[in-house]
>>> print(open('entry-v3.txt').read())   # compact mmCIF, C-alpha atoms and all ligand atoms
# COMPACT_ATOMS: atom_id res chain seq x y z
CA MET A 1 61.03 -143.30 -9.26
CA LYS A 2 59.88 -141.92 -5.89
CA SER A 3 57.13 -139.33 -6.47
CA LEU A 4 54.89 -137.32 -4.15
CA VAL A 5 51.34 -138.01 -5.26
CA LEU A 6 48.02 -136.50 -4.22
CA SER A 7 46.16 -139.79 -3.82
CA SER A 8 42.80 -138.62 -2.43
CA PRO A 9 41.38 -135.48 -0.77
CA GLY A 10 43.89 -134.39 1.89
CA GLN A 11 46.12 -137.43 1.29
CA ILE A 12 49.65 -137.20 -0.09
CA GLU A 13 52.10 -140.09 -0.25
CA LEU A 14 55.45 -141.04 -1.71
CA LYS A 15 54.84 -143.65 -4.38
CA ASP A 16 57.00 -145.58 -6.81
CA LEU A 17 56.03 -144.56 -10.34
CA PRO A 18 57.69 -145.33 -13.68
CA ILE A 19 60.24 -142.81 -15.01
CA PRO A 20 58.40 -140.75 -17.67
CA THR A 21 59.03 -141.63 -21.30
CA LEU A 22 59.97 -138.76 -23.59
CA SER A 23 58.00 -137.41 -26.54
CA PRO A 24 59.04 -134.85 -29.18
CA GLY A 25 60.25 -131.54 -27.73
CA LYS A 26 60.67 -133.02 -24.24
CA VAL A 27 63.69 -133.49 -22.00
CA LEU A 28 64.15 -135.69 -18.94
CA VAL A 29 65.52 -133.87 -15.89
CA LYS A 30 66.97 -135.80 -12.97
CA MET A 31 65.87 -133.67 -10.00
CA LYS A 32 68.52 -132.70 -7.46
CA ALA A 33 66.39 -130.46 -5.25
CA VAL A 34 62.76 -129.36 -4.98
CA ALA A 35 61.05 -126.72 -2.83
CA LEU A 36 57.68 -126.44 -1.15
CA ASN A 37 55.19 -123.65 -1.83
CA ARG A 38 52.02 -122.72 0.01
CA ARG A 39 50.25 -123.67 -3.22
CA ASP A 40 51.21 -127.34 -2.74
CA ASP A 41 49.44 -127.38 0.60
CA TRP A 42 46.39 -125.53 -0.75
CA ILE A 43 46.15 -128.33 -3.35
CA ARG A 44 46.49 -131.03 -0.69
CA GLU A 45 43.66 -129.32 1.20
CA GLY A 46 41.51 -129.30 -1.95
CA LYS A 47 41.48 -125.47 -2.10
CA TYR A 48 42.60 -125.21 -5.71
CA PRO A 49 40.88 -125.54 -9.11
CA ASN A 50 41.27 -128.57 -11.47
CA ILE A 51 42.56 -130.99 -8.85
CA LYS A 52 43.46 -134.39 -10.30
CA PHE A 53 44.06 -137.33 -7.98
CA GLY A 54 47.08 -139.53 -8.71
CA GLY A 55 49.06 -136.56 -10.05
CA ILE A 56 52.55 -135.55 -8.91
CA LEU A 57 52.72 -132.26 -6.95
CA GLY A 58 55.43 -129.61 -7.02
CA SER A 59 56.19 -126.40 -8.92
CA ASP A 60 59.78 -125.71 -7.88
CA GLY A 61 62.88 -127.69 -8.69
CA ALA A 62 66.39 -127.84 -10.08
CA GLY A 63 68.29 -130.74 -11.61
CA VAL A 64 70.41 -132.08 -14.44
CA VAL A 65 69.21 -132.90 -17.96
CA GLU A 66 69.65 -136.62 -18.37
CA GLN A 67 68.01 -137.32 -21.75
CA VAL A 68 66.50 -135.42 -24.65
CA PHE A 69 64.06 -136.75 -27.25
CA ASP A 70 65.29 -134.68 -30.19
CA GLU A 71 68.83 -135.17 -31.44
CA ALA A 72 69.06 -131.40 -32.04
CA ASP A 73 68.76 -130.78 -28.27
CA LYS A 74 71.66 -133.09 -27.37
CA SER A 75 73.90 -130.26 -26.19
CA TRP A 76 71.58 -129.87 -23.17
CA VAL A 77 72.45 -133.32 -21.78
CA GLY A 78 74.40 -132.85 -18.54
CA SER A 79 73.28 -129.21 -18.12
CA GLU A 80 72.34 -127.95 -14.65
CA VAL A 81 68.91 -126.37 -14.96
CA ILE A 82 65.97 -124.80 -13.18
CA ILE A 83 62.42 -125.24 -14.41
CA ASN A 84 59.98 -122.49 -15.35
CA PRO A 85 56.69 -123.58 -13.69
CA ASN A 86 54.47 -121.73 -16.21
CA ILE A 87 52.41 -123.95 -18.49
CA ASP A 88 50.81 -122.19 -21.49
CA TRP A 89 51.07 -118.57 -20.35
CA GLY A 90 50.12 -117.65 -23.92
CA PRO A 91 50.92 -114.72 -26.22
CA ASP A 92 49.82 -111.75 -24.08
CA PRO A 93 52.59 -110.59 -21.71
CA GLU A 94 49.98 -108.76 -19.61
CA VAL A 95 47.82 -111.74 -18.70
CA GLN A 96 47.90 -115.52 -18.86
CA SER A 97 45.77 -117.44 -21.38
CA SER A 98 42.67 -119.43 -20.47
CA LYS A 99 44.78 -122.62 -20.91
CA TYR A 100 47.28 -121.47 -18.28
CA SER A 101 48.26 -123.66 -15.36
CA VAL A 102 51.17 -123.99 -12.97
CA LEU A 103 53.43 -127.04 -13.03
CA GLY A 104 52.35 -129.51 -10.35
CA MET A 105 48.56 -129.57 -10.90
CA PRO A 106 46.98 -130.67 -13.14
CA VAL A 107 50.27 -131.29 -15.05
CA ASN A 108 52.66 -133.61 -13.16
CA GLY A 109 55.14 -131.59 -11.12
CA THR A 110 58.65 -131.53 -9.71
CA PHE A 111 58.23 -133.66 -6.55
CA ALA A 112 59.78 -136.76 -8.11
CA GLU A 113 63.20 -138.16 -8.92
CA TYR A 114 62.62 -137.37 -12.61
CA ILE A 115 60.42 -135.02 -14.60
CA SER A 116 59.75 -134.76 -18.31
CA VAL A 117 59.26 -131.14 -19.43
CA SER A 118 59.32 -129.23 -22.70
CA LEU A 119 62.75 -127.93 -23.62
CA ASP A 120 61.50 -124.34 -23.42
CA ARG A 121 60.69 -124.82 -19.71
CA ILE A 122 64.33 -125.34 -18.70
CA HIS A 123 66.86 -122.58 -18.04
CA ARG A 124 70.49 -122.78 -17.02
CA LYS A 125 70.88 -122.70 -13.26
CA PRO A 126 72.53 -119.45 -12.10
CA ALA A 127 76.17 -120.43 -11.51
CA HIS A 128 76.37 -118.78 -8.06
CA LEU A 129 73.49 -120.91 -6.70
CA ASP A 130 73.75 -124.52 -5.61
CA PHE A 131 70.87 -126.86 -6.51
CA LEU A 132 69.14 -126.29 -3.17
CA GLN A 133 69.12 -122.50 -3.54
CA ALA A 134 68.18 -122.74 -7.21
CA ALA A 135 65.20 -125.00 -6.41
CA ALA A 136 63.87 -122.29 -4.08
CA LEU A 137 63.77 -119.68 -6.83
CA PRO A 138 61.24 -120.34 -9.64
CA LEU A 139 57.67 -119.79 -8.41
CA GLY A 140 58.40 -117.31 -5.62
CA GLY A 141 61.01 -115.41 -7.61
CA LEU A 142 58.75 -115.08 -10.63
CA THR A 143 55.73 -113.93 -8.60
CA ALA A 144 57.76 -111.35 -6.67
CA TYR A 145 59.49 -110.06 -9.82
CA ARG A 146 56.25 -109.32 -11.67
CA ALA A 147 54.57 -107.93 -8.55
CA LEU A 148 57.36 -105.44 -7.89
CA PHE A 149 58.42 -104.38 -11.34
CA ARG A 150 55.63 -104.85 -13.90
CA LYS A 151 52.67 -104.34 -11.58
CA GLY A 152 54.27 -102.16 -8.90
CA GLY A 153 56.52 -100.17 -11.28
CA LEU A 154 59.10 -100.01 -8.47
CA ARG A 155 61.84 -97.43 -8.93
CA THR A 156 65.10 -96.70 -7.09
CA GLY A 157 64.56 -94.57 -4.00
CA GLN A 158 60.88 -95.45 -3.54
CA ASN A 159 59.48 -96.63 -0.22
CA VAL A 160 58.07 -100.15 -0.37
CA LEU A 161 56.41 -102.22 2.34
CA ILE A 162 56.70 -106.00 1.97
CA THR A 163 54.27 -107.74 4.30
CA GLY A 164 54.92 -111.16 5.86
CA PHE A 165 58.71 -111.14 5.43
CA GLY A 166 58.94 -114.84 6.35
CA GLY A 167 56.90 -115.89 3.31
CA GLY A 168 58.38 -117.81 0.40
CA VAL A 169 57.42 -115.09 -2.11
CA ALA A 170 57.88 -112.14 0.25
CA GLN A 171 61.55 -112.95 0.82
CA PHE A 172 62.16 -112.53 -2.92
CA ALA A 173 60.21 -109.28 -2.99
CA PHE A 174 62.47 -108.11 -0.15
CA LEU A 175 65.71 -109.18 -1.87
CA PHE A 176 64.69 -107.80 -5.29
CA ALA A 177 63.40 -104.46 -3.95
CA LYS A 178 66.59 -103.93 -1.97
CA ALA A 179 68.74 -104.82 -4.99
CA ALA A 180 66.72 -102.32 -7.06
CA GLY A 181 67.67 -99.54 -4.62
CA ALA A 182 64.30 -99.09 -2.91
CA ASN A 183 63.82 -98.27 0.77
CA VAL A 184 62.37 -101.52 2.00
CA TYR A 185 60.15 -101.91 5.08
CA VAL A 186 58.66 -105.19 6.23
CA SER A 187 56.02 -106.65 8.47
CA SER A 188 56.11 -110.04 10.12
CA GLY A 189 54.29 -111.95 12.83
CA SER A 190 57.58 -112.74 14.52
CA ASP A 191 60.06 -110.43 16.27
CA GLU A 192 62.86 -112.83 15.38
CA LYS A 193 62.13 -112.46 11.68
CA ILE A 194 61.89 -108.68 12.07
CA GLU A 195 65.35 -108.70 13.61
CA LYS A 196 66.63 -110.76 10.70
CA ALA A 197 65.07 -108.37 8.15
CA LEU A 198 66.61 -105.34 9.88
CA LYS A 199 70.01 -107.07 9.86
CA LEU A 200 69.57 -107.73 6.13
CA GLY A 201 68.92 -104.05 5.45
CA ALA A 202 65.23 -103.36 6.03
CA LYS A 203 64.76 -99.67 6.89
CA GLY A 204 62.01 -100.43 9.36
CA ALA A 205 59.57 -103.13 10.43
CA TYR A 206 56.48 -103.85 12.49
CA ASN A 207 54.87 -106.94 13.97
CA TYR A 208 51.39 -107.38 12.46
CA ARG A 209 50.27 -109.42 15.47
CA ARG A 210 50.50 -106.32 17.67
CA GLN A 211 48.46 -103.14 17.48
CA VAL A 212 50.22 -100.85 14.99
CA ASN A 213 49.54 -97.15 14.64
CA PHE A 214 49.55 -96.89 10.87
CA GLU A 215 49.10 -93.12 10.83
CA GLU A 216 52.25 -92.90 12.94
CA LEU A 217 54.09 -95.22 10.57
CA TRP A 218 53.02 -92.94 7.73
CA LYS A 219 54.25 -89.81 9.48
CA THR A 220 57.62 -91.22 10.39
CA LYS A 221 58.45 -92.86 7.08
CA GLY A 222 56.83 -90.37 4.74
CA GLY A 223 54.39 -92.92 3.38
CA PHE A 224 54.82 -95.83 0.99
CA ASP A 225 54.83 -95.78 -2.79
CA LEU A 226 54.12 -99.48 -2.93
CA VAL A 227 52.83 -102.26 -0.67
CA ILE A 228 53.36 -105.90 -1.69
CA ASP A 229 50.97 -108.20 0.15
CA SER A 230 49.61 -111.72 0.10
CA ALA A 231 47.67 -111.81 3.36
CA GLY A 232 44.66 -109.65 2.39
CA GLY A 233 41.98 -109.28 5.04
CA ASP A 234 41.05 -106.08 6.86
CA GLN A 235 44.61 -104.77 7.08
CA LEU A 236 44.24 -103.62 3.46
CA ASN A 237 42.62 -100.47 4.89
CA ASN A 238 45.72 -99.80 6.96
CA PHE A 239 47.85 -99.95 3.83
CA ILE A 240 45.48 -97.51 2.14
CA LYS A 241 46.14 -95.12 5.06
CA VAL A 242 49.91 -95.22 4.66
CA LEU A 243 50.19 -94.96 0.88
CA ARG A 244 51.45 -91.76 -0.69
CA PRO A 245 49.24 -90.22 -3.37
CA LEU A 246 49.42 -92.44 -6.51
CA GLY A 247 50.55 -95.34 -4.33
CA LYS A 248 49.84 -98.96 -5.22
CA ILE A 249 48.97 -102.11 -3.32
CA VAL A 250 49.96 -105.16 -5.34
CA PHE A 251 48.65 -108.45 -3.99
CA TYR A 252 49.29 -112.01 -5.13
CA GLY A 253 47.37 -113.91 -2.46
CA ALA A 254 44.68 -113.53 0.18
CA THR A 255 45.78 -116.03 2.82
CA ASN A 256 43.70 -114.28 5.51
CA GLY A 257 40.62 -113.88 3.34
CA LEU A 258 38.65 -110.83 2.25
CA PRO A 259 38.42 -107.41 3.88
CA ALA A 260 34.97 -106.65 5.31
CA LYS A 261 35.12 -103.22 3.63
CA ILE A 262 37.53 -101.11 1.60
CA ASP A 263 38.19 -97.41 2.18
CA LEU A 264 37.22 -96.32 -1.32
CA TYR A 265 37.00 -92.66 -0.26
CA ARG A 266 40.70 -92.42 0.54
CA MET A 267 41.53 -94.53 -2.53
CA PHE A 268 39.96 -92.22 -5.07
CA TRP A 269 41.07 -89.03 -3.33
CA ASN A 270 44.70 -90.13 -3.26
CA GLN A 271 44.45 -91.79 -6.71
CA LEU A 272 45.55 -95.17 -5.31
CA SER A 273 45.57 -98.52 -7.12
CA LEU A 274 44.78 -101.97 -5.80
CA ILE A 275 46.33 -104.42 -8.26
CA GLY A 276 46.12 -108.20 -8.41
CA THR A 277 48.97 -110.21 -9.88
CA THR A 278 49.67 -113.85 -10.61
CA MET A 279 52.97 -115.58 -11.37
CA GLY A 280 54.66 -113.90 -14.39
CA ASN A 281 55.13 -114.43 -18.11
CA ASP A 282 57.99 -116.45 -19.63
CA GLN A 283 60.04 -113.35 -20.47
CA GLU A 284 59.73 -112.23 -16.85
CA PHE A 285 61.07 -115.63 -15.79
CA VAL A 286 64.15 -115.04 -17.97
CA ASP A 287 64.48 -111.44 -16.70
CA MET A 288 64.10 -112.59 -13.09
CA ILE A 289 66.97 -115.09 -13.46
CA ALA A 290 69.14 -112.42 -15.11
CA PHE A 291 68.34 -110.04 -12.20
CA VAL A 292 69.26 -112.70 -9.64
CA GLU A 293 72.55 -113.33 -11.48
CA LYS A 294 73.35 -109.64 -11.91
CA HIS A 295 72.89 -108.92 -8.20
CA GLN A 296 74.22 -112.34 -7.09
CA LEU A 297 71.12 -112.84 -4.93
CA ARG A 298 70.70 -116.00 -2.87
CA PRO A 299 67.24 -117.25 -1.85
CA MET A 300 66.71 -117.66 1.89
CA VAL A 301 66.38 -121.34 2.65
CA ASP A 302 64.56 -122.11 5.90
CA SER A 303 65.62 -125.75 6.08
CA ILE A 304 67.04 -128.56 3.97
CA ARG A 305 65.53 -132.02 4.33
CA PRO A 306 65.79 -135.40 2.61
CA PHE A 307 63.14 -135.99 -0.07
CA SER A 308 61.87 -138.99 1.92
CA LYS A 309 60.52 -136.49 4.52
CA ILE A 310 58.52 -134.36 2.08
CA ALA A 311 55.00 -135.60 2.92
CA GLU A 312 55.44 -135.13 6.67
CA SER A 313 56.95 -131.65 6.06
CA PHE A 314 53.78 -130.16 4.56
CA PRO A 315 52.43 -128.82 7.90
CA ASP A 316 55.68 -126.86 8.31
CA ILE A 317 54.78 -124.55 5.40
CA THR A 318 52.52 -122.71 7.88
CA ARG A 319 54.98 -122.97 10.81
CA PRO A 320 55.24 -119.49 12.38
CA ASN A 321 59.04 -119.47 12.72
CA LYS A 322 59.76 -120.37 9.07
CA VAL A 323 61.86 -117.87 7.09
CA GLY A 324 62.04 -118.52 3.38
CA LYS A 325 61.76 -121.84 1.61
CA ILE A 326 61.67 -125.44 2.77
CA VAL A 327 63.89 -127.37 0.36
CA PHE A 328 64.36 -131.10 -0.21
CA GLN A 329 67.51 -132.80 -1.45
CA ILE A 330 66.94 -135.70 -3.84
N1 LIG B 1 49.07 -115.43 -7.39
C1 LIG B 1 50.20 -116.12 -7.46
O1 LIG B 1 50.78 -116.29 -8.54
C2 LIG B 1 50.80 -116.65 -6.22
C3 LIG B 1 52.11 -117.12 -6.22
C4 LIG B 1 52.66 -117.55 -5.04
C5 LIG B 1 51.90 -117.55 -3.87
N2 LIG B 1 50.61 -117.14 -3.92
C6 LIG B 1 49.79 -117.11 -2.68
O2 LIG B 1 50.38 -116.13 -1.82
C7 LIG B 1 50.31 -116.55 -0.48
C8 LIG B 1 51.72 -116.64 0.12
O3 LIG B 1 52.44 -117.64 -0.57
P1 LIG B 1 53.88 -118.11 -0.06
O4 LIG B 1 54.27 -119.27 -0.88
O5 LIG B 1 54.81 -116.95 0.07
O6 LIG B 1 53.45 -118.64 1.39
P2 LIG B 1 54.22 -118.83 2.74
O7 LIG B 1 55.64 -119.13 2.48
O8 LIG B 1 53.38 -119.75 3.53
O9 LIG B 1 54.16 -117.36 3.41
C9 LIG B 1 53.05 -116.83 3.96
C10 LIG B 1 53.48 -115.68 4.87
O10 LIG B 1 52.33 -114.87 5.08
C11 LIG B 1 52.64 -114.06 6.16
N3 LIG B 1 51.43 -113.65 6.86
C12 LIG B 1 50.52 -114.40 7.52
N4 LIG B 1 49.59 -113.60 8.06
C13 LIG B 1 49.91 -112.33 7.73
C14 LIG B 1 49.34 -111.06 7.99
N5 LIG B 1 48.25 -110.93 8.72
N6 LIG B 1 49.95 -109.98 7.48
C15 LIG B 1 51.06 -110.08 6.74
N7 LIG B 1 51.66 -111.25 6.47
C16 LIG B 1 51.08 -112.35 6.96
C17 LIG B 1 53.57 -114.82 7.09
O11 LIG B 1 54.71 -113.98 7.28
P3 LIG B 1 55.61 -114.02 8.61
O12 LIG B 1 56.10 -115.41 8.65
O13 LIG B 1 56.69 -113.03 8.38
O14 LIG B 1 54.73 -113.67 9.76
C18 LIG B 1 53.89 -116.09 6.26
O15 LIG B 1 55.24 -116.44 6.31
C19 LIG B 1 49.57 -117.89 -0.49
O16 LIG B 1 48.21 -117.63 -0.30
C20 LIG B 1 49.82 -118.40 -1.90
O17 LIG B 1 48.85 -119.30 -2.32
C21 LIG B 1 50.04 -116.70 -5.06
>>> encode(input="entry-v3.txt", output="structure tokens")
Amino acid sequence: MKSLVLSSPGQIELKDLPIPTLSPGKVLVKMKAVALNRRDDWIREGKYPNIKFGGILGSDGAGVVEQVFDEADKSWVGSEVIINPNIDWGPDPEVQSSKYSVLGMPVNGTFAEYISVSLDRIHRKPAHLDFLQAAALPLGGLTAYRALFRKGGLRTGQNVLITGFGGGVAQFAFLFAKAAGANVYVSSGSDEKIEKALKLGAKGAYNYRRQVNFEELWKTKGGFDLVIDSAGGDQLNNFIKVLRPLGKIVFYGATNGLPAKIDLYRMFWNQLSLIGTTMGNDQEFVDMIAFVEKHQLRPMVDSIRPFSKIAESFPDITRPNKVGKIVFQI
């Protein structure tokens, strides 16, 4: 089977590998579509823990169950499924266990024609999504769901700022927050994306590449209850300025690195919280799918490409005009 392998530092290539053989509790899924995450490129660049060369990358995918090991699981054969990328979250819903990892490193991932996964990792594909849309959902949807609801405690009518609207995770935070009845504001580095967000129902937006008067933003919008961010860097202090008392910044990444300083004075006076989050537990994965089904949400797909083009598509994950997920048809 064709598989995208990390062969050496910085080097990824499509290789022919044997179809995995099944063991107890496992099912074989024939992949129909897979989607790229920033994480895959961090791994290619060597900026990720526990990197194993020769392993198959990929956390996101959707497909059809082709075989099961256990007779009792036979009813799953032929089912259209998406895959939960959590491996060993563990018993505590609040935090992952020390054995936790994400599908696609060090455990072999979705970027292959077949994958063998435990039965409890597969979930029925939401009926309103095709395979390409469904493949875009797992990692980004799960991360955004936990960030907004468990960590951010988002409620109807609150003001939320989602930074970097074009991001794979941010688009889900935008869709979910809107569906939950929040007033959603966005930032982006591109005016085109801002226009798109406003068309899709954002209440306001700003371009983070230009000078923004955050105090002004605060005055006009009444302040934010919640900021969802993955860029990090010095702009954290701007978010602190525009949070309402008791406001929260929930962050799941730090693409732009660390802030040089943090305005602790304003944080304690306004009783603000800065909260880190990672992925989500298995129940949140189930809840996230149910939420997507209930609100009939469709992931934004930036582009659809043949699987044969996956290696050369990696640089496009950081392409400035990307909106949403890059998806590959298998
Ligand atoms: N902790 C976790 O569980 C978890 C899960 C998923 C991702 N992550 C991390 O979160 C980050 C984003 O992941 P992703 O998959 O969504 O990546 P992505 O699709 O590459 O999106 C990144 C987005 O960041 C935005 N951005 C860049 N500079 C910014 C700035 N100064 N201010 C605000 N936004 C800025 C851009 O938005 P525009 O295009 O709109 O300008 C870009 O589209 C990565 O670092 C990733 O490793 C962590």
>>> axis_aligned_box(input="entry-v3.txt", around="range 164-181 of chain A", padding_each_side="6 Å", output="JSON")
{"center_x": 61.8, "center_y": -108.7, "center_z": -0.4, "size_x": 25.8, "size_y": 30.3, "size_z": 25.4}
>>> atom_distance(input="entry-v3.txt", atom1="CA of Asp282 in chain A", atom2="CA of Gly90 in chain A")
9.0 Å
>>> residues_around(input="entry-v3.txt", residues="Gly222 in chain A", least_positions_apart="5", cutoff="9 Å", atoms="only C-alpha atoms", output="ChimeraX atom specification")
/A:159,217,242-244
>>> closest_residue(input="entry-v3.txt", among="A:Pro138, A:Pro306, A:Gly324, A:Gly167", to="ligand LIG 1 (chain B)", atoms="all atoms listed in the file")
A:Gly167
>>> residues_around(input="entry-v3.txt", residues="range 38-47 of chain A", least_positions_apart="3", cutoff="10 Å", atoms="only C-alpha atoms", output="number ranges by chain")
A: 5-12, 35, 50-53, 57-59, 102, 104-105, 139, 167-169, 255, 314-318, 325
>>> residues_around(input="entry-v3.txt", residues="Gly276 in chain A", least_positions_apart="6", cutoff="6 Å", atoms="only C-alpha atoms", output="MDAnalysis selection string")
chainID A and resid 250:252
>>> closest_atom_pairs(input="entry-v3.txt", of="chain A", to="ligand LIG 1 (chain B)", cutoff="8 Å", atoms="all atoms listed in the file", output="JSON lines")
{"residue": "A:Leu36", "atom": "CA", "partner": "B:LIG1", "partner_atom": "O4", "distance": 7.9}
{"residue": "A:Asn37", "atom": "CA", "partner": "B:LIG1", "partner_atom": "O4", "distance": 4.6}
{"residue": "A:Arg38", "atom": "CA", "partner": "B:LIG1", "partner_atom": "O4", "distance": 4.2}
{"residue": "A:Arg39", "atom": "CA", "partner": "B:LIG1", "partner_atom": "O17", "distance": 4.7}
{"residue": "A:Trp42", "atom": "CA", "partner": "B:LIG1", "partner_atom": "O17", "distance": 6.9}
{"residue": "A:Leu139", "atom": "CA", "partner": "B:LIG1", "partner_atom": "C4", "distance": 6.4}
{"residue": "A:Gly140", "atom": "CA", "partner": "B:LIG1", "partner_atom": "C4", "distance": 5.8}
{"residue": "A:Thr143", "atom": "CA", "partner": "B:LIG1", "partner_atom": "C3", "distance": 5.4}
{"residue": "A:Thr163", "atom": "CA", "partner": "B:LIG1", "partner_atom": "C15", "distance": 4.7}
{"residue": "A:Gly164", "atom": "CA", "partner": "B:LIG1", "partner_atom": "O11", "distance": 3.2}
{"residue": "A:Phe165", "atom": "CA", "partner": "B:LIG1", "partner_atom": "O13", "distance": 4.0}
{"residue": "A:Gly166", "atom": "CA", "partner": "B:LIG1", "partner_atom": "O13", "distance": 3.5}
{"residue": "A:Gly167", "atom": "CA", "partner": "B:LIG1", "partner_atom": "O9", "distance": 3.1}
{"residue": "A:Gly168", "atom": "CA", "partner": "B:LIG1", "partner_atom": "O7", "distance": 3.7}
{"residue": "A:Val169", "atom": "CA", "partner": "B:LIG1", "partner_atom": "O5", "distance": 3.9}
{"residue": "A:Ala170", "atom": "CA", "partner": "B:LIG1", "partner_atom": "O5", "distance": 5.7}
{"residue": "A:Gln171", "atom": "CA", "partner": "B:LIG1", "partner_atom": "O5", "distance": 7.9}
{"residue": "A:Ser187", "atom": "CA", "partner": "B:LIG1", "partner_atom": "C15", "distance": 6.3}
{"residue": "A:Ser188", "atom": "CA", "partner": "B:LIG1", "partner_atom": "O13", "distance": 3.5}
{"residue": "A:Gly189", "atom": "CA", "partner": "B:LIG1", "partner_atom": "O14", "distance": 3.5}
{"residue": "A:Ser190", "atom": "CA", "partner": "B:LIG1", "partner_atom": "O14", "distance": 5.6}
{"residue": "A:Lys193", "atom": "CA", "partner": "B:LIG1", "partner_atom": "O13", "distance": 6.4}
{"residue": "A:Ile194", "atom": "CA", "partner": "B:LIG1", "partner_atom": "O13", "distance": 7.7}
{"residue": "A:Asn207", "atom": "CA", "partner": "B:LIG1", "partner_atom": "O14", "distance": 7.9}
{"residue": "A:Tyr208", "atom": "CA", "partner": "B:LIG1", "partner_atom": "N6", "distance": 5.8}
{"residue": "A:Arg209", "atom": "CA", "partner": "B:LIG1", "partner_atom": "N5", "distance": 7.2}
{"residue": "A:Asp229", "atom": "CA", "partner": "B:LIG1", "partner_atom": "C15", "distance": 6.9}
{"residue": "A:Ser230", "atom": "CA", "partner": "B:LIG1", "partner_atom": "O2", "distance": 4.9}
{"residue": "A:Ala231", "atom": "CA", "partner": "B:LIG1", "partner_atom": "C13", "distance": 4.9}
{"residue": "A:Gly232", "atom": "CA", "partner": "B:LIG1", "partner_atom": "N6", "distance": 7.3}
{"residue": "A:Gly233", "atom": "CA", "partner": "B:LIG1", "partner_atom": "N5", "distance": 7.5}
{"residue": "A:Gln235", "atom": "CA", "partner": "B:LIG1", "partner_atom": "N5", "distance": 7.3}
{"residue": "A:Phe251", "atom": "CA", "partner": "B:LIG1", "partner_atom": "N1", "distance": 7.8}
{"residue": "A:Tyr252", "atom": "CA", "partner": "B:LIG1", "partner_atom": "N1", "distance": 4.1}
{"residue": "A:Gly253", "atom": "CA", "partner": "B:LIG1", "partner_atom": "O2", "distance": 3.8}
{"residue": "A:Ala254", "atom": "CA", "partner": "B:LIG1", "partner_atom": "O16", "distance": 5.4}
{"residue": "A:Thr255", "atom": "CA", "partner": "B:LIG1", "partner_atom": "O16", "distance": 4.3}
{"residue": "A:Asn256", "atom": "CA", "partner": "B:LIG1", "partner_atom": "N4", "distance": 6.5}
{"residue": "A:Gly276", "atom": "CA", "partner": "B:LIG1", "partner_atom": "N1", "distance": 7.9}
{"residue": "A:Thr277", "atom": "CA", "partner": "B:LIG1", "partner_atom": "N1", "distance": 5.8}
{"residue": "A:Thr278", "atom": "CA", "partner": "B:LIG1", "partner_atom": "O1", "distance": 3.4}
{"residue": "A:Met279", "atom": "CA", "partner": "B:LIG1", "partner_atom": "O1", "distance": 3.6}
{"residue": "A:Gly280", "atom": "CA", "partner": "B:LIG1", "partner_atom": "O1", "distance": 7.4}
{"residue": "A:Ile317", "atom": "CA", "partner": "B:LIG1", "partner_atom": "O8", "distance": 5.3}
{"residue": "A:Thr318", "atom": "CA", "partner": "B:LIG1", "partner_atom": "O8", "distance": 5.3}
{"residue": "A:Arg319", "atom": "CA", "partner": "B:LIG1", "partner_atom": "O15", "distance": 7.9}
{"residue": "A:Pro320", "atom": "CA", "partner": "B:LIG1", "partner_atom": "O12", "distance": 5.6}
{"residue": "A:Asn321", "atom": "CA", "partner": "B:LIG1", "partner_atom": "O12", "distance": 6.5}
{"residue": "A:Lys322", "atom": "CA", "partner": "B:LIG1", "partner_atom": "O12", "distance": 6.2}
{"residue": "A:Val323", "atom": "CA", "partner": "B:LIG1", "partner_atom": "O12", "distance": 6.5}
{"residue": "A:Gly324", "atom": "CA", "partner": "B:LIG1", "partner_atom": "O7", "distance": 6.5}
{"residue": "A:Lys325", "atom": "CA", "partner": "B:LIG1", "partner_atom": "O7", "distance": 6.7}
>>> atom_distance(input="entry-v3.txt", atom1="CA of Gly204 in chain A", atom2="CA of Phe149 in chain A")
21.4 Å
>>> residues_around(input="entry-v3.txt", residues="Gln158 in chain A", least_positions_apart="4", cutoff="7 Å", atoms="only C-alpha atoms", output="VMD selection string")
chain A and resid 154 182 to 183 225
>>> write_last_selection(input="entry-v3.txt", atoms="C-alpha atoms", output="short mmCIF file (atom, residue, chain, number, x, y, z; two decimals), in the frame of the given file")
data_model
loop_
_atom_site.label_atom_id
_atom_site.label_comp_id
_atom_site.auth_asym_id
_atom_site.auth_seq_id
_atom_site.Cartn_x
_atom_site.Cartn_y
_atom_site.Cartn_z
CA LEU A 154 59.10 -100.01 -8.47
CA ALA A 182 64.30 -99.09 -2.91
CA ASN A 183 63.82 -98.27 0.77
CA ASP A 225 54.83 -95.78 -2.79
#
>>> closest_residue(input="entry-v3.txt", among="A:Glu192, A:Val301, A:Ala197, A:Ile87", to="Phe174 in chain A", atoms="only C-alpha atoms")
A:Ala197
>>> atom_distance(input="entry-v3.txt", atom1="CA of Val81 in chain A", atom2="CA of Tyr48 in chain A")
27.9 Å
>>> residues_around(input="entry-v3.txt", residues="Glu80 in chain A", least_positions_apart="6", cutoff="7 Å", atoms="only C-alpha atoms", output="list in words")
Gly63, Val64, Val65, Arg124 and Lys125 of chain A
>>> closest_residue(input="entry-v3.txt", among="A:Glu66, A:Ile115, A:Val107, A:Gly181", to="Gly78 in chain A", atoms="all atoms listed in the file")
A:Glu66
>>> closest_residue(input="entry-v3.txt", among="A:Lys199, A:Gln296, A:Ser308, A:Gly61", to="Asp16 in chain A", atoms="all atoms listed in the file")
A:Ser308
>>> closest_residue(input="entry-v3.txt", among="A:Leu200, A:Ile240, A:Ile82, A:Leu17", to="Val29 in chain A", atoms="only C-alpha atoms")
A:Ile82
>>> closest_residue(input="entry-v3.txt", among="A:Ser313, A:Gln67, A:Asn270, A:Thr21", to="Leu246 in chain A", atoms="only C-alpha atoms")
A:Asn270
